[in-house]
$ cat my_file_22.csv   # CSV, C-alpha atoms
chain,number,residue,atom,x,y,z
A,1,MET,CA,67.3,-52.9,27.5
A,2,ILE,CA,65.8,-51.0,24.5
A,3,GLU,CA,64.9,-52.6,21.3
A,4,VAL,CA,63.5,-50.6,18.4
A,5,LYS,CA,62.4,-52.6,15.3
A,6,GLY,CA,61.3,-50.9,12.0
A,7,LEU,CA,59.9,-47.8,13.8
A,8,VAL,CA,57.8,-45.5,11.6
A,9,LYS,CA,56.3,-42.2,12.6
A,10,ILE,CA,54.3,-40.1,10.1
A,11,TYR,CA,52.9,-36.7,10.7
A,12,ASP,CA,49.8,-35.4,8.9
A,13,ASP,CA,50.6,-32.4,6.8
A,14,GLY,CA,47.3,-32.3,4.9
A,15,SER,CA,48.5,-34.6,2.1
A,16,ASN,CA,47.7,-38.3,1.6
A,17,ALA,CA,51.3,-39.3,2.2
A,18,GLY,CA,52.1,-37.1,5.2
A,19,VAL,CA,55.6,-36.4,6.5
A,20,LYS,CA,57.7,-39.5,7.4
A,21,ALA,CA,59.7,-38.2,10.4
A,22,VAL,CA,61.1,-41.6,11.3
A,23,ASP,CA,61.6,-44.1,8.4
A,24,GLU,CA,61.8,-47.7,9.6
A,25,ILE,CA,64.7,-47.4,11.9
A,26,SER,CA,66.0,-50.3,14.1
A,27,PHE,CA,68.6,-50.2,16.9
A,28,THR,CA,69.3,-51.9,20.2
A,29,VAL,CA,70.6,-50.3,23.5
A,30,GLU,CA,72.3,-52.8,25.7
A,31,GLU,CA,71.9,-52.7,29.5
A,32,GLY,CA,74.0,-50.1,31.3
A,33,ARG,CA,75.1,-48.4,28.0
A,34,PHE,CA,75.0,-44.7,27.1
A,35,TYR,CA,73.5,-44.5,23.6
A,36,THR,CA,73.2,-41.2,21.7
A,37,LEU,CA,70.9,-40.2,18.8
A,38,LEU,CA,72.9,-37.5,17.0
A,39,GLY,CA,71.8,-35.3,14.1
A,40,PRO,CA,70.6,-32.0,12.8
A,41,SER,CA,67.2,-30.4,13.6
A,42,GLY,CA,64.4,-32.3,11.8
A,43,CYS,CA,66.3,-35.6,11.5
A,44,GLY,CA,63.8,-37.5,13.6
A,45,LYS,CA,65.9,-38.1,16.8
A,46,THR,CA,63.5,-36.4,19.2
A,47,THR,CA,60.5,-38.0,17.6
A,48,THR,CA,62.2,-41.4,18.1
A,49,LEU,CA,62.8,-40.6,21.7
A,50,ARG,CA,59.2,-39.5,22.2
A,51,CYS,CA,57.9,-42.7,20.6
A,52,ILE,CA,60.0,-44.7,23.1
A,53,ALA,CA,58.7,-42.6,26.0
A,54,GLY,CA,55.1,-43.0,24.9
A,55,LEU,CA,54.6,-39.3,24.3
A,56,GLU,CA,54.0,-40.0,20.5
A,57,LYS,CA,52.2,-43.0,19.0
A,58,ALA,CA,54.2,-44.5,16.2
A,59,ASN,CA,52.6,-45.7,12.9
A,60,GLY,CA,54.6,-48.8,12.5
A,61,GLY,CA,57.2,-51.1,14.0
A,62,GLU,CA,57.9,-52.4,17.5
A,63,ILE,CA,59.4,-51.0,20.8
A,64,ILE,CA,60.5,-53.2,23.7
A,65,VAL,CA,61.8,-51.6,26.9
A,66,ALA,CA,63.3,-53.7,29.7
A,67,GLY,CA,61.7,-56.8,28.2
A,68,GLN,CA,58.2,-55.2,28.1
A,69,LYS,CA,56.6,-54.7,24.6
A,70,VAL,CA,55.4,-51.2,25.0
A,71,TYR,CA,54.4,-50.7,21.3
A,72,SER,CA,53.6,-53.0,18.4
A,73,ALA,CA,51.8,-52.1,15.2
A,74,ASN,CA,51.1,-55.7,14.3
A,75,GLU,CA,49.8,-56.7,17.7
A,76,ASN,CA,48.0,-53.3,18.2
A,77,THR,CA,49.9,-52.9,21.5
A,78,TYR,CA,50.3,-49.5,23.1
A,79,VAL,CA,51.4,-49.0,26.7
A,80,PRO,CA,50.8,-45.4,28.0
A,81,ALA,CA,53.8,-43.4,29.1
A,82,TYR,CA,53.1,-43.6,32.8
A,83,ARG,CA,53.2,-47.4,32.7
A,84,ARG,CA,56.6,-47.6,30.9
A,85,PRO,CA,59.7,-48.2,33.0
A,86,ILE,CA,61.3,-44.9,32.0
A,87,GLY,CA,62.5,-41.6,33.4
A,88,MET,CA,62.7,-38.6,31.1
A,89,VAL,CA,64.4,-35.2,31.2
A,90,PHE,CA,63.1,-32.6,28.8
A,91,GLN,CA,65.0,-29.9,27.1
A,92,SER,CA,63.2,-27.2,29.1
A,93,TYR,CA,63.5,-29.3,32.3
A,94,ALA,CA,59.7,-28.7,32.9
A,95,ILE,CA,60.3,-27.8,36.6
A,96,TRP,CA,57.4,-26.4,38.6
A,97,PRO,CA,58.6,-22.9,39.7
A,98,HIS,CA,56.0,-22.7,42.5
A,99,LEU,CA,57.1,-25.9,44.2
A,100,THR,CA,60.1,-26.6,46.4
A,101,VAL,CA,62.9,-28.9,45.3
A,102,PHE,CA,61.5,-31.7,47.4
A,103,GLU,CA,58.0,-31.3,46.0
A,104,ASN,CA,59.3,-31.2,42.4
A,105,VAL,CA,61.0,-34.5,42.8
A,106,ALA,CA,58.1,-36.0,44.8
A,107,PHE,CA,55.6,-35.0,42.1
A,108,PRO,CA,55.8,-38.2,39.9
A,109,LEU,CA,55.3,-40.3,43.1
A,110,ARG,CA,52.3,-38.3,44.3
A,111,VAL,CA,50.4,-38.3,40.9
A,112,GLY,CA,51.3,-41.9,39.9
A,113,LYS,CA,48.7,-44.6,39.7
A,114,GLU,CA,50.5,-46.6,42.5
A,115,LYS,CA,49.9,-45.2,46.0
A,116,VAL,CA,53.1,-44.4,47.8
A,117,SER,CA,53.2,-43.6,51.5
A,118,ASN,CA,54.6,-40.3,52.8
A,119,THR,CA,57.4,-42.2,54.5
A,120,GLU,CA,58.3,-43.9,51.3
A,121,VAL,CA,58.1,-40.7,49.3
A,122,LYS,CA,60.5,-39.0,51.7
A,123,LYS,CA,62.9,-41.9,51.4
A,124,LYS,CA,62.8,-42.1,47.6
A,125,VAL,CA,63.1,-38.3,47.2
A,126,THR,CA,66.1,-38.1,49.6
A,127,THR,CA,67.9,-40.9,47.7
A,128,ALA,CA,67.2,-39.3,44.3
A,129,LEU,CA,68.5,-35.9,45.5
A,130,GLU,CA,71.6,-37.4,47.0
A,131,GLN,CA,72.3,-39.3,43.7
A,132,VAL,CA,72.6,-35.9,41.9
A,133,GLU,CA,74.3,-34.2,44.8
A,134,LEU,CA,71.4,-31.9,45.8
A,135,GLY,CA,71.1,-33.3,49.4
A,136,GLY,CA,70.2,-30.4,51.7
A,137,TYR,CA,68.3,-28.4,49.1
A,138,GLU,CA,64.9,-30.0,49.8
A,139,ASP,CA,63.3,-26.8,51.1
A,140,ARG,CA,64.6,-24.4,48.5
A,141,MET,CA,62.2,-23.1,45.8
A,142,ALA,CA,63.1,-24.4,42.4
A,143,THR,CA,63.6,-20.8,41.1
A,144,GLN,CA,66.4,-20.3,43.6
A,145,LEU,CA,68.6,-22.9,41.9
A,146,SER,CA,71.3,-22.2,39.3
A,147,GLY,CA,71.0,-23.6,35.8
A,148,GLY,CA,73.2,-26.6,36.6
A,149,GLN,CA,71.3,-27.3,39.8
A,150,GLN,CA,67.9,-27.1,37.9
A,151,GLN,CA,69.3,-29.6,35.4
A,152,ARG,CA,70.2,-32.0,38.3
A,153,LEU,CA,66.8,-31.4,39.8
A,154,ALA,CA,65.2,-32.6,36.6
A,155,LEU,CA,67.4,-35.6,36.7
A,156,ALA,CA,66.4,-36.4,40.3
A,157,ARG,CA,62.8,-36.2,39.3
A,158,ALA,CA,63.4,-38.7,36.5
A,159,LEU,CA,65.3,-41.0,38.8
A,160,VAL,CA,62.9,-41.0,41.7
A,161,ARG,CA,60.7,-43.8,40.3
A,162,GLU,CA,63.7,-46.0,39.9
A,163,PRO,CA,63.3,-46.4,36.1
A,164,LYS,CA,65.0,-49.1,34.0
A,165,VAL,CA,65.8,-46.6,31.3
A,166,LEU,CA,66.7,-42.9,31.3
A,167,LEU,CA,65.7,-40.7,28.3
A,168,LEU,CA,67.3,-37.4,27.9
A,169,ASP,CA,66.2,-34.8,25.3
A,170,GLU,CA,69.0,-32.3,24.7
A,171,PRO,CA,69.2,-31.6,28.5
A,172,LEU,CA,72.3,-29.3,28.3
A,173,SER,CA,71.2,-27.0,25.5
A,174,ASN,CA,70.0,-24.3,27.8
A,175,LEU,CA,73.3,-24.0,29.7
A,176,ASP,CA,76.2,-21.6,29.0
A,177,ALA,CA,79.3,-23.1,27.4
A,178,LYS,CA,81.4,-23.4,30.6
A,179,LEU,CA,78.5,-25.0,32.6
A,180,ARG,CA,77.6,-27.3,29.7
A,181,GLU,CA,81.2,-28.6,29.7
A,182,ARG,CA,81.1,-29.4,33.4
A,183,MET,CA,77.6,-30.9,33.3
A,184,ARG,CA,78.7,-33.3,30.5
A,185,PHE,CA,81.3,-34.7,32.8
A,186,GLU,CA,78.8,-34.8,35.8
A,187,LEU,CA,76.1,-36.5,33.8
A,188,ARG,CA,78.4,-39.1,32.4
A,189,GLU,CA,79.8,-39.9,35.8
A,190,LEU,CA,76.3,-40.2,37.3
A,191,GLN,CA,75.3,-42.6,34.5
A,192,ARG,CA,78.4,-44.7,35.1
A,193,ARG,CA,77.8,-44.7,38.9
A,194,LEU,CA,74.2,-45.8,38.6
A,195,ARG,CA,74.7,-48.1,35.6
A,196,ILE,CA,71.4,-46.9,34.3
A,197,THR,CA,70.7,-47.5,30.6
A,198,THR,CA,70.6,-44.1,28.9
A,199,LEU,CA,69.2,-42.9,25.6
A,200,TYR,CA,70.4,-39.4,24.9
A,201,VAL,CA,69.3,-37.0,22.1
A,202,THR,CA,71.5,-34.1,20.9
A,203,HIS,CA,72.6,-32.1,17.9
A,204,ASP,CA,75.9,-31.3,19.6
A,205,GLN,CA,78.7,-33.5,18.3
A,206,ILE,CA,81.0,-32.8,21.3
A,207,GLU,CA,78.4,-34.0,23.7
A,208,ALA,CA,77.9,-37.2,21.6
A,209,LEU,CA,81.6,-37.9,21.2
A,210,SER,CA,82.6,-37.3,24.9
A,211,MET,CA,79.7,-39.1,26.6
A,212,SER,CA,78.5,-42.0,24.5
A,213,ASN,CA,79.3,-45.7,24.3
A,214,VAL,CA,77.5,-45.8,20.9
A,215,ILE,CA,76.4,-43.1,18.6
A,216,ALA,CA,73.7,-43.3,15.9
A,217,VAL,CA,73.9,-40.5,13.4
A,218,MET,CA,70.5,-39.7,12.0
A,219,ASN,CA,69.6,-37.9,8.8
A,220,SER,CA,66.1,-37.5,7.2
A,221,GLY,CA,64.5,-40.1,9.5
A,222,VAL,CA,67.0,-42.8,9.1
A,223,ILE,CA,70.2,-43.9,10.8
A,224,ALA,CA,73.1,-42.9,8.5
A,225,GLN,CA,75.8,-44.7,10.7
A,226,GLU,CA,76.0,-46.4,14.0
A,227,GLY,CA,79.2,-47.1,16.0
A,228,GLY,CA,81.5,-46.1,18.8
A,229,PRO,CA,82.7,-42.4,18.9
A,230,ARG,CA,86.1,-43.2,17.5
A,231,ASP,CA,84.6,-45.3,14.6
A,232,VAL,CA,82.1,-42.7,13.7
A,233,TYR,CA,84.6,-39.9,13.8
A,234,LEU,CA,87.6,-41.6,12.2
A,235,ALA,CA,85.9,-43.8,9.7
A,236,PRO,CA,82.7,-42.1,8.4
A,237,LYS,CA,80.7,-44.1,5.9
A,238,SER,CA,79.2,-41.1,4.0
A,239,LYS,CA,79.8,-37.5,3.1
A,240,PHE,CA,77.0,-36.5,5.5
A,241,VAL,CA,78.5,-38.2,8.5
A,242,ALA,CA,82.0,-36.8,7.7
A,243,ASN,CA,80.6,-33.3,7.4
A,244,PHE,CA,78.3,-33.4,10.4
A,245,ILE,CA,80.8,-34.8,12.9
A,246,GLY,CA,83.8,-32.4,13.1
A,247,SER,CA,85.5,-30.5,10.4
A,248,THR,CA,86.7,-32.4,7.3
A,249,ASN,CA,88.6,-31.7,4.1
A,250,GLN,CA,87.3,-33.1,0.9
A,251,LEU,CA,89.2,-33.8,-2.3
A,252,PRO,CA,87.1,-34.9,-5.3
A,253,GLY,CA,88.5,-37.6,-7.5
A,254,GLN,CA,88.2,-41.0,-9.1
A,255,VAL,CA,89.3,-44.4,-7.9
A,256,ILE,CA,92.3,-45.8,-9.8
A,257,SER,CA,92.8,-49.1,-8.0
A,258,VAL,CA,91.6,-51.0,-5.0
A,259,GLY,CA,93.8,-53.5,-3.1
A,260,SER,CA,92.8,-56.6,-1.1
A,261,ASP,CA,93.6,-54.7,2.1
A,262,ALA,CA,90.8,-52.1,1.4
A,263,MET,CA,93.5,-49.5,0.6
A,264,GLY,CA,93.8,-48.0,-2.9
A,265,ARG,CA,94.6,-45.0,-5.0
A,266,VAL,CA,92.5,-42.1,-6.1
A,267,ARG,CA,93.3,-39.6,-8.9
A,268,THR,CA,92.6,-36.0,-7.8
A,269,GLU,CA,93.2,-32.6,-9.5
A,270,ASP,CA,96.2,-32.2,-7.2
A,271,GLY,CA,97.8,-35.6,-7.7
A,272,GLU,CA,97.3,-39.3,-6.8
A,273,ILE,CA,96.4,-40.1,-3.2
A,274,ALA,CA,96.8,-43.4,-1.4
A,275,CYS,CA,93.9,-43.9,1.0
A,276,ALA,CA,91.4,-46.3,2.5
A,277,ILE,CA,88.6,-47.2,0.1
A,278,LEU,CA,85.0,-47.7,1.4
A,279,GLU,CA,83.7,-51.1,0.7
A,280,GLY,CA,81.7,-51.4,-2.6
A,281,LEU,CA,83.7,-48.7,-4.5
A,282,LYS,CA,85.5,-49.9,-7.6
A,283,PRO,CA,88.0,-48.4,-10.1
A,284,GLY,CA,86.3,-45.6,-12.0
A,285,SER,CA,84.0,-44.7,-9.1
A,286,ASN,CA,83.6,-41.0,-8.5
A,287,VAL,CA,84.6,-40.2,-4.9
A,288,VAL,CA,85.7,-37.6,-2.4
A,289,VAL,CA,88.7,-38.3,-0.3
A,290,VAL,CA,88.0,-37.0,3.3
A,291,VAL,CA,90.7,-36.2,5.8
A,292,ARG,CA,90.4,-34.4,9.1
A,293,PRO,CA,92.3,-31.1,9.7
A,294,GLU,CA,94.3,-32.6,12.6
A,295,SER,CA,95.5,-35.5,10.5
A,296,LEU,CA,97.4,-33.3,8.0
A,297,ASN,CA,101.1,-32.7,8.5
A,298,VAL,CA,102.7,-29.5,7.2
A,299,HIS,CA,106.5,-29.6,6.5
A,300,LEU,CA,108.8,-26.7,5.7
A,301,GLN,CA,111.2,-29.2,4.1
A,302,LYS,CA,110.0,-32.0,1.7
A,303,PRO,CA,110.0,-35.2,3.8
A,304,ALA,CA,111.7,-38.2,2.4
A,305,ASN,CA,110.0,-41.6,2.0
A,306,SER,CA,106.5,-40.3,2.9
A,307,ALA,CA,103.3,-41.0,0.9
A,308,ASN,CA,100.8,-38.4,-0.2
A,309,VAL,CA,103.1,-35.4,-0.1
A,310,LEU,CA,101.8,-32.5,-2.1
A,311,ASP,CA,103.3,-29.1,-2.9
A,312,ALA,CA,101.3,-26.2,-1.3
A,313,LYS,CA,101.5,-22.7,0.0
A,314,ILE,CA,100.1,-21.2,3.2
A,315,GLY,CA,96.8,-19.3,2.7
A,316,ALA,CA,95.9,-18.0,6.1
A,317,ALA,CA,97.4,-18.8,9.5
A,318,MET,CA,95.7,-17.9,12.9
A,319,PHE,CA,97.4,-18.5,16.2
A,320,LEU,CA,94.8,-19.8,18.6
A,321,GLY,CA,97.1,-20.6,21.6
A,322,GLU,CA,96.6,-24.4,21.7
A,323,TYR,CA,97.2,-24.8,18.0
A,324,LEU,CA,97.8,-23.0,14.7
A,325,ASP,CA,94.7,-23.0,12.5
A,326,CYS,CA,95.7,-22.5,8.9
A,327,THR,CA,94.7,-23.2,5.3
A,328,VAL,CA,97.0,-24.6,2.7
A,329,GLU,CA,96.4,-24.0,-1.0
A,330,LEU,CA,97.1,-26.8,-3.4
A,331,GLY,CA,96.8,-26.3,-7.2
A,332,HIS,CA,93.0,-26.7,-7.2
A,333,ASN,CA,91.9,-27.3,-3.6
A,334,VAL,CA,92.3,-25.6,-0.3
A,335,LEU,CA,92.7,-27.7,2.9
A,336,GLN,CA,92.2,-26.6,6.5
A,337,THR,CA,94.7,-27.9,9.1
A,338,HIS,CA,95.5,-27.7,12.8
A,339,GLN,CA,99.3,-27.6,13.5
A,340,ARG,CA,101.4,-27.3,16.6
A,341,HIS,CA,101.6,-23.7,17.9
A,342,THR,CA,105.4,-23.9,17.6
A,343,LEU,CA,105.2,-24.0,13.8
A,344,GLU,CA,106.3,-20.6,12.4
A,345,ILE,CA,104.7,-19.9,9.1
A,346,ARG,CA,103.2,-16.9,7.2
A,347,ARG,CA,100.8,-16.3,4.4
A,348,GLY,CA,102.4,-17.3,1.0
A,349,ASP,CA,105.1,-19.5,2.5
A,350,PRO,CA,105.8,-22.6,0.4
A,351,VAL,CA,105.2,-25.9,2.3
A,352,TRP,CA,104.7,-29.6,1.7
A,353,VAL,CA,101.5,-31.2,3.0
A,354,GLU,CA,101.5,-34.8,4.0
A,355,LEU,CA,98.2,-36.7,4.0
A,356,PRO,CA,98.8,-40.0,6.0
A,357,PRO,CA,97.1,-42.8,3.8
A,358,ALA,CA,95.6,-44.6,6.9
A,359,GLU,CA,93.8,-41.4,7.9
A,360,CYS,CA,92.3,-40.6,4.4
A,361,MET,CA,89.1,-42.3,3.3
A,362,ALA,CA,87.5,-42.4,-0.1
A,363,LEU,CA,83.7,-42.1,0.1
A,364,PRO,CA,81.0,-42.0,-2.7
A,365,ALA,CA,80.7,-38.6,-4.2

$ encode --input "my_file_22.csv" --output "structure tokens"
Amino acid sequence: MIEVKGLVKIYDDGSNAGVKAVDEISFTVEEGRFYTLLGPSGCGKTTTLRCIAGLEKANGGEIIVAGQKVYSANENTYVPAYRRPIGMVFQSYAIWPHLTVFENVAFPLRVGKEKVSNTEVKKKVTTALEQVELGGYEDRMATQLSGGQQQRLALARALVREPKVLLLDEPLSNLDAKLRERMRFELRELQRRLRITTLYVTHDQIEALSMSNVIAVMNSGVIAQEGGPRDVYLAPKSKFVANFIGSTNQLPGQVISVGSDAMGRVRTEDGEIACAILEGLKPGSNVVVVVRPESLNVHLQKPANSANVLDAKIGAAMFLGEYLDCTVELGHNVLQTHQRHTLEIRRGDPVWVELPPAECMALPA
């Protein structure tokens, strides 16, 4: 439904080269899928979205939306935003405060190039409002809506033209934490119900992990890794991805051996560790072994017949209700871990830390 090939966007900064905000990225969004561009500020995710929407003109590459070539540098093709089969929700919602809910949703139909009768406008607006559960709010002023209702109003306005693709630019960032959590669920359920292809932009890893079919993690204008939420979280391909998505522990070391099953051994300052080895790494490669805090197991007694068991002592322990957030001090490194709230430990207690080999990954240092 969306095909992006070798997309380039350069902003003029007064120099000859300019600033390359998007650096030859390519990706495909299949019909009915929820695809998320995730990354820190300045990584190029919003610029990519705006190029697809037609709000920015790219400097190279090709964009195809619903089978229509809307941009091609080689063919000198550029379809303006109003002729692209898209609906878009902005971070600020861009709602007209002096208009009613009905007129806000009807606005794209009234100003569009295609003439729509009043009867058809009423029918389309009513359908769009019912889709986002705002039926009955037609006569309210937009300013009389809550934050969550305004977000749904912006969605209704994006849906009223019955677009093939929905583009969302950090639409939940203006909501408080509780409302944002609820709207994540509502937005995902709406997308599933309508089966509308959705491209979502966010810097919030929780939004990306909880809502997406596919995540593309962006950094410095390129896609660092693309995959399902579990793949990206549990099997990061770089230090950047491991650090950006969730918390992670890192143990620097050197690869000793690599087996045929992609498992191997790494020598660290605190002992040898059996772990998965990223493809391309060889004995002698300098690496960091990454392991998530929730993957570590802390034992009060040394476990028998377990791999990757290291002597340690408790550094700090904080009871957070759902779990125990604590640090464990090895000889040279400190690891963060989340343990069951029933574990009774104090600062300075000797413990044994188990790092399950299947949940440890050696990445290039």

$ closest_residue --input "my_file_22.csv" --among "A:Lys9, A:Asn219, A:Gly39, A:Ile64" --to "Cys51 in chain A" --atoms "all atoms listed in the file"
A:Lys9

$ residues_around --input "my_file_22.csv" --residues "Ser238 in chain A" --least-positions-apart "4" --cutoff "9 Å" --atoms "all atoms listed in the file" --output "list in words"
Ala224, Gln225, Ala242, Asn243, Leu363, Pro364 and Ala365 of chain A

$ closest_residue --input "my_file_22.csv" --among "A:Glu344, A:Glu354, A:Glu269, A:Glu322" --to "His299 in chain A" --atoms "all atoms listed in the file"
A:Glu354

$ closest_residue --input "my_file_22.csv" --among "A:Arg157, A:Leu343, A:Ile273, A:Ser146" --to "Lys124 in chain A" --atoms "all atoms listed in the file"
A:Arg157

$ closest_residue --input "my_file_22.csv" --among "A:Thr337, A:Gln144, A:Asn104, A:Ser41" --to "Ser220 in chain A" --atoms "only C-alpha atoms"
A:Ser41
